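J.: Right, I'll just put the structure down here and ask away after.
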Amino acid sequence: MKTYNYKILFVVFLFLTIVTNPALSQNNEGSWYTLLRNKLLKITITQDSIFLTKVRFENPEQDYGYNSFSSKIEKTITTNTNTCFILSSKKDSTVTFNIFYFNLIDAKAQISMHVESMNNDYSSINEAENAVPHFSDQQLKITFLLLQKIEKIKLGKLISSMTVEEFNRYANKIIENDSINQIYYGQKYKLGYLYGESTSRIILADLGINSLVKGNVHDKMLSFFAENEETKDLFLEMSGRK
């Protein structure tokens, strides 16, 4: 009978797990994506910087040739499920500091970015760090997914074949989210425009719908249910017009 050194096997298994899963290969490093109207937004976290880049639906590895946002990481504060980055940027010789606050979900297969955390400028790292606890319970978040999950969304059912039952579930989830985040409405956020675009498509994806579609295709789906006798009242409620 063969004998095995289980300690060695465990070490080999752990090594292979880390190597084959880039989200686990470094403490906070990796790339994640969220779905926007006509493109994906990619967030890349390196050892010392954070970048936001808009990339194409059809080829997430192909960007538009520029970064929408880039900043240097000055300090990282990590708990079991949260990671907070204190970032610095320079404009007209003045250095300011910002906070990027994330919830880590499913072993980093999914992260949620707190929208409000980026809305304030601070004059020092210490001032920014003192503000971190304020954002821990904030609900207005944008979900980012690993590329593997984005590719899986493409395998979902056509948005044009969405049923009344699926629309009802979609609309009720939108209404639920809006009720939770009502206190934030009317306020301006640097990245606030991303919230509506992303949340709608993430909810569709959770229903098994391929939400990686252009804006006009998404709008056509909404128009259909806005005119459907079975769903038009719910559509108005979802849209805040009832």
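Residue numbering restarts at 1 for every chain of the structure tokens, chains are lettered A, B, ... in their displayed order, and ligands are numbered from 1 as they appear.
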Using backbone DSSP assignments, extract all helix (DSSP H, G or I) residues from region 67-238 of chain A; output them as a ChimeraX atom specification.
T.: /A:115-119,125-135,147-153,159-161,164-180,182-184,192-206,215-227,232-238
J.: Show which residues sit within 7 Å of region 30-38 of chain A, as a tab-separated table (two decimals) with C-alpha atoms, in the first residue's frame. Count only C-alpha atoms, and ignore same-chain residues fewer than 2 positions away.
T.:
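Wrote it out as out_26.tsv, contents follow:
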chain	number	residue	atom	x	y	z
A	22	PRO	CA	-5.07	35.66	-9.25
A	23	ALA	CA	-7.51	37.25	-6.81
A	28	ASN	CA	-5.31	43.03	-2.09
A	40	LEU	CA	-17.32	47.58	-18.56
A	41	LEU	CA	-15.54	49.51	-15.85
A	42	LYS	CA	-12.40	47.72	-14.72
A	43	ILE	CA	-10.77	48.42	-11.39
A	44	THR	CA	-7.17	47.31	-11.00
A	45	ILE	CA	-5.47	47.27	-7.62
A	46	THR	CA	-1.69	46.90	-7.63
A	143	THR	CA	-20.49	45.58	-7.26
A	144	PHE	CA	-17.36	44.51	-9.13
A	145	LEU	CA	-16.82	40.94	-10.34
A	146	LEU	CA	-13.88	38.82	-11.40
A	147	LEU	CA	-13.50	38.30	-15.15
A	197	GLU	CA	-26.01	51.70	-14.57
A	198	SER	CA	-24.20	48.95	-12.71
A	201	ARG	CA	-27.28	45.03	-14.87
A	214	LYS	CA	-25.70	47.77	-25.37
A	215	GLY	CA	-27.83	50.51	-23.89
J.: Tell me which protein, DNA and RNA residues are within 7 Å of Leu204 (chain A), counting only C-alpha atoms, leaving out same-chain ones fewer than 5 positions away, and put them as a ChimeraX atom specification.
T.: /A:170,209,211
J.: Selected residues, N, CA and C atoms, written as a PDB file, in the first residue's frame, please.
T.:
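Output file again-v1.pdb is given in full below:
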ATOM      1  N   TYR A 170     -36.970  41.462 -10.968  1.00  0.00           N
ATOM      2  CA  TYR A 170     -35.991  42.521 -11.249  1.00  0.00           C
ATOM      3  C   TYR A 170     -36.469  43.860 -10.694  1.00  0.00           C
ATOM      4  N   ILE A 209     -29.906  36.475 -16.586  1.00  0.00           N
ATOM      5  CA  ILE A 209     -30.048  37.195 -17.851  1.00  0.00           C
ATOM      6  C   ILE A 209     -28.679  37.695 -18.306  1.00  0.00           C
ATOM      7  N   SER A 211     -26.812  40.410 -19.261  1.00  0.00           N
ATOM      8  CA  SER A 211     -26.968  41.867 -19.208  1.00  0.00           C
ATOM      9  C   SER A 211     -25.793  42.600 -19.841  1.00  0.00           C
TER      10      SER A 211
END
J.: So how far away is CA of Ile111 (chain A) from CA of Lys149 (chain A), in Å?
T.: 12.0 Å
J.: Find, counting only C-alpha atoms, the residue in A:Leu212, A:Leu87, A:Met238, A:Ile175 that gets nearest to Ser70 (chain A).
T.: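 Using only C-alpha atoms, the shortest distance to Ser70 (chain A) belongs to A:Leu87.
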